[in-house]
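One file, protein.csv, is given below (CSV, C-alpha atoms).
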```
chain,number,residue,atom,x,y,z
A,1,MET,CA,-4.0,12.8,-16.3
A,2,ALA,CA,-2.1,11.3,-13.4
A,3,ASN,CA,-3.9,8.6,-11.5
A,4,THR,CA,-4.8,8.8,-7.8
A,5,ASN,CA,-4.0,6.3,-5.1
A,6,ALA,CA,-7.4,5.0,-4.2
A,7,PRO,CA,-7.4,1.2,-4.1
A,8,PHE,CA,-10.8,-0.5,-4.3
A,9,GLY,CA,-10.1,-4.2,-4.4
A,10,PHE,CA,-10.8,-6.6,-7.2
A,11,ALA,CA,-13.9,-5.3,-9.2
A,12,GLN,CA,-15.7,-7.7,-11.5
A,13,TYR,CA,-14.7,-6.7,-15.1
A,14,GLN,CA,-15.6,-9.6,-17.3
A,15,GLY,CA,-17.2,-13.0,-16.9
A,16,GLY,CA,-15.9,-16.3,-18.2
A,17,ALA,CA,-17.7,-19.6,-18.3
A,18,GLY,CA,-20.2,-18.5,-15.7
A,19,ALA,CA,-23.4,-16.5,-16.4
A,20,SER,CA,-22.8,-12.8,-16.5
A,21,ALA,CA,-25.4,-12.1,-13.8
A,22,THR,CA,-23.4,-14.2,-11.2
A,23,PHE,CA,-19.9,-14.1,-12.7
A,24,GLY,CA,-19.6,-17.8,-11.7
A,25,MET,CA,-20.2,-17.3,-8.0
A,26,THR,CA,-20.1,-20.1,-5.5
A,27,ARG,CA,-21.5,-20.1,-2.0
A,28,ARG,CA,-18.8,-20.7,0.6
A,29,ARG,CA,-18.8,-20.5,4.4
A,30,ILE,CA,-17.1,-18.2,7.0
A,31,ALA,CA,-17.0,-19.4,10.6
A,32,SER,CA,-18.9,-17.1,12.9
A,33,THR,CA,-15.9,-17.2,15.2
A,34,ASN,CA,-13.7,-15.7,12.6
A,35,ALA,CA,-13.0,-12.2,13.8
A,36,THR,CA,-11.4,-11.0,10.5
A,37,ALA,CA,-13.6,-8.7,8.5
A,38,VAL,CA,-13.9,-9.4,4.8
A,39,TYR,CA,-14.9,-6.6,2.3
A,40,ALA,CA,-16.4,-6.6,-1.2
A,41,GLY,CA,-13.5,-7.1,-3.6
A,42,ASP,CA,-11.2,-8.9,-1.1
A,43,PRO,CA,-9.4,-12.0,-2.2
A,44,VAL,CA,-10.3,-14.9,0.0
A,45,MET,CA,-8.6,-18.2,0.8
A,46,PRO,CA,-9.3,-21.5,2.5
A,47,VAL,CA,-8.6,-21.6,6.2
A,48,ILE,CA,-5.3,-23.5,5.9
A,49,THR,CA,-5.0,-24.5,9.6
A,50,SER,CA,-7.9,-27.0,9.3
A,51,ALA,CA,-9.7,-29.0,6.7
A,52,THR,CA,-13.1,-27.5,7.5
A,53,GLY,CA,-14.1,-25.9,4.2
A,54,TYR,CA,-14.2,-22.4,5.7
A,55,ILE,CA,-12.7,-19.4,4.0
A,56,THR,CA,-11.2,-16.2,5.4
A,57,GLN,CA,-9.7,-13.0,4.1
A,58,GLY,CA,-6.8,-13.6,1.7
A,59,ALA,CA,-3.2,-13.1,2.7
A,60,ALA,CA,-0.4,-12.3,0.3
A,61,GLY,CA,1.6,-15.4,-0.6
A,62,THR,CA,1.3,-18.5,-2.8
A,63,THR,CA,-1.7,-20.1,-1.0
A,64,VAL,CA,-4.4,-21.2,-3.4
A,65,LEU,CA,-7.2,-18.6,-3.4
A,66,ALA,CA,-10.9,-19.4,-3.0
A,67,GLY,CA,-11.9,-16.4,-5.2
A,68,ILE,CA,-13.0,-12.8,-4.7
A,69,PHE,CA,-15.6,-12.0,-2.0
A,70,SER,CA,-18.8,-10.4,-3.3
A,71,SER,CA,-21.3,-10.5,-0.5
A,72,CYS,CA,-22.7,-12.6,2.4
A,73,GLU,CA,-25.7,-13.4,4.5
A,74,PHE,CA,-25.9,-14.4,8.1
A,75,LEU,CA,-28.1,-14.5,11.2
A,76,SER,CA,-27.3,-11.2,13.0
A,77,ILE,CA,-27.2,-11.2,16.7
A,78,SER,CA,-27.8,-7.5,17.0
A,79,ASN,CA,-30.7,-7.5,14.5
A,80,GLY,CA,-32.2,-10.8,15.6
A,81,ARG,CA,-32.8,-11.8,11.9
A,82,LYS,CA,-31.0,-12.8,8.8
A,83,VAL,CA,-29.1,-9.9,7.1
A,84,TRP,CA,-27.5,-9.5,3.7
A,85,ARG,CA,-24.4,-7.4,3.4
A,86,ASN,CA,-21.6,-6.9,0.9
A,87,TYR,CA,-19.0,-7.3,3.7
A,88,TYR,CA,-18.6,-9.5,6.7
A,89,PRO,CA,-17.9,-7.3,9.8
A,90,GLY,CA,-15.9,-10.0,11.7
A,91,SER,CA,-18.6,-10.3,14.4
A,92,ASP,CA,-22.4,-10.3,15.0
A,93,ALA,CA,-23.0,-13.7,13.4
A,94,THR,CA,-24.5,-16.8,15.0
A,95,GLY,CA,-24.0,-19.9,13.0
A,96,ASP,CA,-22.1,-20.1,9.8
A,97,VAL,CA,-21.8,-17.0,7.5
A,98,PHE,CA,-22.7,-17.8,3.8
A,99,ALA,CA,-20.3,-16.0,1.6
A,100,TYR,CA,-20.8,-15.5,-2.2
A,101,VAL,CA,-17.4,-15.8,-3.9
A,102,VAL,CA,-16.5,-15.2,-7.6
A,103,ASP,CA,-14.4,-18.2,-8.5
A,104,ASP,CA,-15.1,-18.6,-12.2
A,105,PRO,CA,-11.6,-19.6,-13.4
A,106,GLN,CA,-11.9,-17.4,-16.5
A,107,ALA,CA,-13.2,-14.3,-14.7
A,108,ARG,CA,-11.3,-11.0,-15.0
A,109,PHE,CA,-11.1,-8.2,-12.5
A,110,ARG,CA,-10.1,-4.6,-12.5
A,111,VAL,CA,-7.7,-3.6,-9.8
A,112,GLN,CA,-5.3,-0.8,-9.0
A,113,GLY,CA,-1.5,-1.2,-9.3
A,114,ASN,CA,1.0,0.1,-6.8
A,115,GLY,CA,3.1,3.2,-7.0
A,116,THR,CA,5.8,2.1,-9.5
A,117,THR,CA,5.6,-1.5,-10.8
A,118,PHE,CA,2.4,-1.7,-12.8
A,119,ASN,CA,2.6,1.2,-15.2
A,120,ILE,CA,4.2,0.9,-18.6
A,121,THR,CA,7.3,2.7,-19.8
A,122,GLY,CA,7.2,4.2,-23.3
A,123,THR,CA,3.9,5.4,-24.7
A,124,THR,CA,0.5,3.9,-25.0
A,125,SER,CA,1.2,3.1,-28.6
A,126,THR,CA,4.8,1.8,-28.2
A,127,TRP,CA,5.8,0.1,-25.0
A,128,THR,CA,9.3,-0.3,-23.7
A,129,SER,CA,8.0,-2.5,-20.8
A,130,SER,CA,4.6,-3.6,-19.5
A,131,PRO,CA,3.1,-5.7,-16.7
A,132,VAL,CA,0.9,-7.5,-19.2
A,133,GLY,CA,1.6,-11.3,-19.1
A,134,GLN,CA,3.4,-11.2,-15.8
A,135,TYR,CA,2.4,-12.9,-12.5
A,136,ALA,CA,1.3,-10.5,-9.7
A,137,GLN,CA,1.1,-10.5,-5.9
A,138,PHE,CA,-1.5,-8.5,-4.0
A,139,SER,CA,-1.6,-6.5,-0.7
A,140,ILE,CA,-4.9,-6.7,1.2
A,141,GLY,CA,-4.8,-3.0,2.1
A,142,THR,CA,-7.4,-1.5,4.5
A,143,GLY,CA,-11.1,-2.1,3.9
A,144,THR,CA,-13.6,0.7,4.7
A,145,VAL,CA,-17.3,1.0,5.6
A,146,VAL,CA,-19.0,4.1,4.3
A,147,GLY,CA,-22.8,4.3,4.4
A,148,GLY,CA,-23.1,0.7,5.2
A,149,TYR,CA,-21.1,-0.4,2.2
A,150,GLY,CA,-17.9,-2.3,2.9
A,151,GLN,CA,-15.2,-1.7,0.2
A,152,SER,CA,-12.0,-3.6,-0.1
A,153,GLY,CA,-8.7,-1.7,0.0
A,154,ALA,CA,-6.7,-4.5,-1.8
A,155,PHE,CA,-4.4,-3.6,-4.7
A,156,LEU,CA,-1.6,-5.3,-6.7
A,157,ASN,CA,1.8,-5.0,-5.0
A,158,THR,CA,4.5,-6.7,-7.0
A,159,LEU,CA,5.2,-8.5,-10.2
A,160,GLY,CA,7.2,-11.8,-10.5
A,161,THR,CA,7.9,-15.0,-12.4
A,162,THR,CA,6.8,-17.3,-9.6
A,163,VAL,CA,4.1,-19.5,-11.2
A,164,THR,CA,2.2,-19.9,-7.9
A,165,LEU,CA,1.5,-16.1,-7.5
A,166,PRO,CA,-2.3,-15.6,-7.3
A,167,PHE,CA,-2.9,-13.4,-10.4
A,168,ILE,CA,-1.7,-12.7,-13.9
A,169,VAL,CA,-2.0,-9.3,-15.6
A,170,THR,CA,-4.0,-9.6,-18.9
A,171,ASP,CA,-4.6,-6.0,-19.9
A,172,LEU,CA,-4.2,-2.3,-19.1
A,173,ILE,CA,-7.0,0.2,-18.5
A,174,ASP,CA,-6.6,3.2,-20.8
A,175,GLN,CA,-10.2,4.2,-21.6
A,176,PRO,CA,-11.9,6.6,-21.4
A,177,PRO,CA,-9.0,9.0,-21.3
A,178,GLY,CA,-8.8,11.1,-18.2
A,179,SER,CA,-10.9,8.7,-16.1
A,180,PRO,CA,-9.5,7.4,-12.8
A,181,GLY,CA,-6.8,4.8,-13.3
A,182,ALA,CA,-6.7,5.1,-17.1
A,183,ASP,CA,-3.2,6.5,-17.5
A,184,PRO,CA,-1.0,3.5,-17.7
A,185,THR,CA,2.1,5.6,-18.0
A,186,THR,CA,1.8,6.9,-14.4
A,187,ALA,CA,1.7,5.2,-11.0
A,188,PHE,CA,-1.5,3.7,-9.5
A,189,ASN,CA,-2.9,2.8,-12.9
A,190,HIS,CA,-5.6,0.2,-13.2
A,191,VAL,CA,-5.0,-3.2,-14.8
A,192,VAL,CA,-7.1,-6.3,-15.7
A,193,VAL,CA,-6.1,-9.5,-14.0
A,194,GLY,CA,-7.2,-13.1,-14.1
A,195,PHE,CA,-6.7,-15.9,-11.6
A,196,ASN,CA,-3.4,-17.7,-11.7
A,197,ASN,CA,-3.5,-19.7,-8.5
A,198,GLU,CA,-7.1,-20.4,-7.5
A,199,TRP,CA,-9.0,-23.6,-6.4
A,200,MET,CA,-11.0,-23.9,-9.6
A,201,ARG,CA,-7.8,-23.6,-11.7
A,202,ASP,CA,-5.4,-25.7,-9.6
A,203,ASN,CA,-4.6,-29.1,-11.1
A,204,GLY,CA,-3.1,-30.6,-8.0
A,205,ALA,CA,0.5,-29.8,-9.0
A,206,GLY,CA,0.1,-26.0,-9.3
A,207,PRO,CA,-1.9,-23.5,-11.2
A,208,THR,CA,-2.9,-24.4,-14.8
A,209,GLY,CA,-2.5,-20.9,-16.0
A,210,ILE,CA,-4.8,-18.6,-18.1
A,211,SER,CA,-6.4,-20.1,-21.1
```
Mind turning the file's structure into structure tokens?
Amino acid sequence: MANTNAPFGFAQYQGGAGASATFGMTRRRIASTNATAVYAGDPVMPVITSATGYITQGAAGTTVLAGIFSSCEFLSISNGRKVWRNYYPGSDATGDVFAYVVDDPQARFRVQGNGTTFNITGTTSTWTSSPVGQYAQFSIGTGTVVGGYGQSGAFLNTLGTTVTLPFIVTDLIDQPPGSPGADPTTAFNHVVVGFNNEWMRDNGAGPTGIS
């Protein structure tokens, strides 16, 4: 069954060294003056214009990632109390926003591929070509808020050999048959990725690669 184009960001798929309940999450900070919304499943990166320790929504490139955004808590101006949300709306906070970020260097994520690049050629039993083992770039897409839940619109965009690209494809989703994204022979298939260029994996000279 052909896949549909419905990106959802980077969904936790498998833990690594961290406990399965937290997927190796770290608490980071978003400045309350940051007007860029961040959605559950978005890649996030350090604010590269200053050495403040703050993070922001990721941008495609070779900047070292801080991880994948999961949720946050902040003192809401409109509510007059602390609130917990799975997205940061880009406003309504006083004081720093505490963001929970999956940064386990061995974590794996399920994510949608683009229209042409990430599917295999050949059959599921005999490949002619495959994205597995290749480095990958993402597009941030457009996040949405439905019923109070903020969902990322990020997806994988291109493959490449640049060792500082943010992700590496480790597997294809092909089960259960007929489920969304499980046809790796057609466009918009789902793949499994690991971090390639991320702050817990960087050794000072570049990414250390998947182990």
Contact residues around region 96-99 of chain A with all atoms listed in the file at 7 Å, ignoring same-chain residues under 6 positions, as number ranges by chain: A: 27-32, 71-74
Contacts of Ala59 (chain A) within 12 Å, all atoms listed in the file, excl. fewer than 4 positions in-chain, as a PyMOL selection string: chain A and resi 36+38+42-48+55+63-66+137-141+154+165-166
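Across A:Gly133, A:Gly95, A:Gly113, A:Gly148, the tightest approach to Asp171 (chain A) is made by A:Gly133 when counting all atoms listed in the file.
The closest residue to Ser130 (chain A), picked from A:Ala187, A:Leu172, A:Arg108, A:Val192 and counting all atoms listed in the file, is A:Leu172.
Straight-line separation from CA of Ser91 (chain A) to CA of Ser78 (chain A): 10.0 Å.
Closest approach to Phe118 (chain A) from the set A:Gly160, A:Pro105, A:Gly194, A:Gly147 is made by A:Gly160, with distances taken over all atoms listed in the file.
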Atomic separation - CA of Ile168 (chain A) relative to CA of Thr185 (chain A), Å: 19.1 Å
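Note that CA of Ser70 (chain A) and CA of Val102 (chain A) are 6.8 Å apart.
Using all atoms listed in the file for every distance, the candidate list A:Thr26, A:Ser129, A:Gln134, A:Gln151 yields A:Thr26 as the residue closest to Trp199 (chain A).
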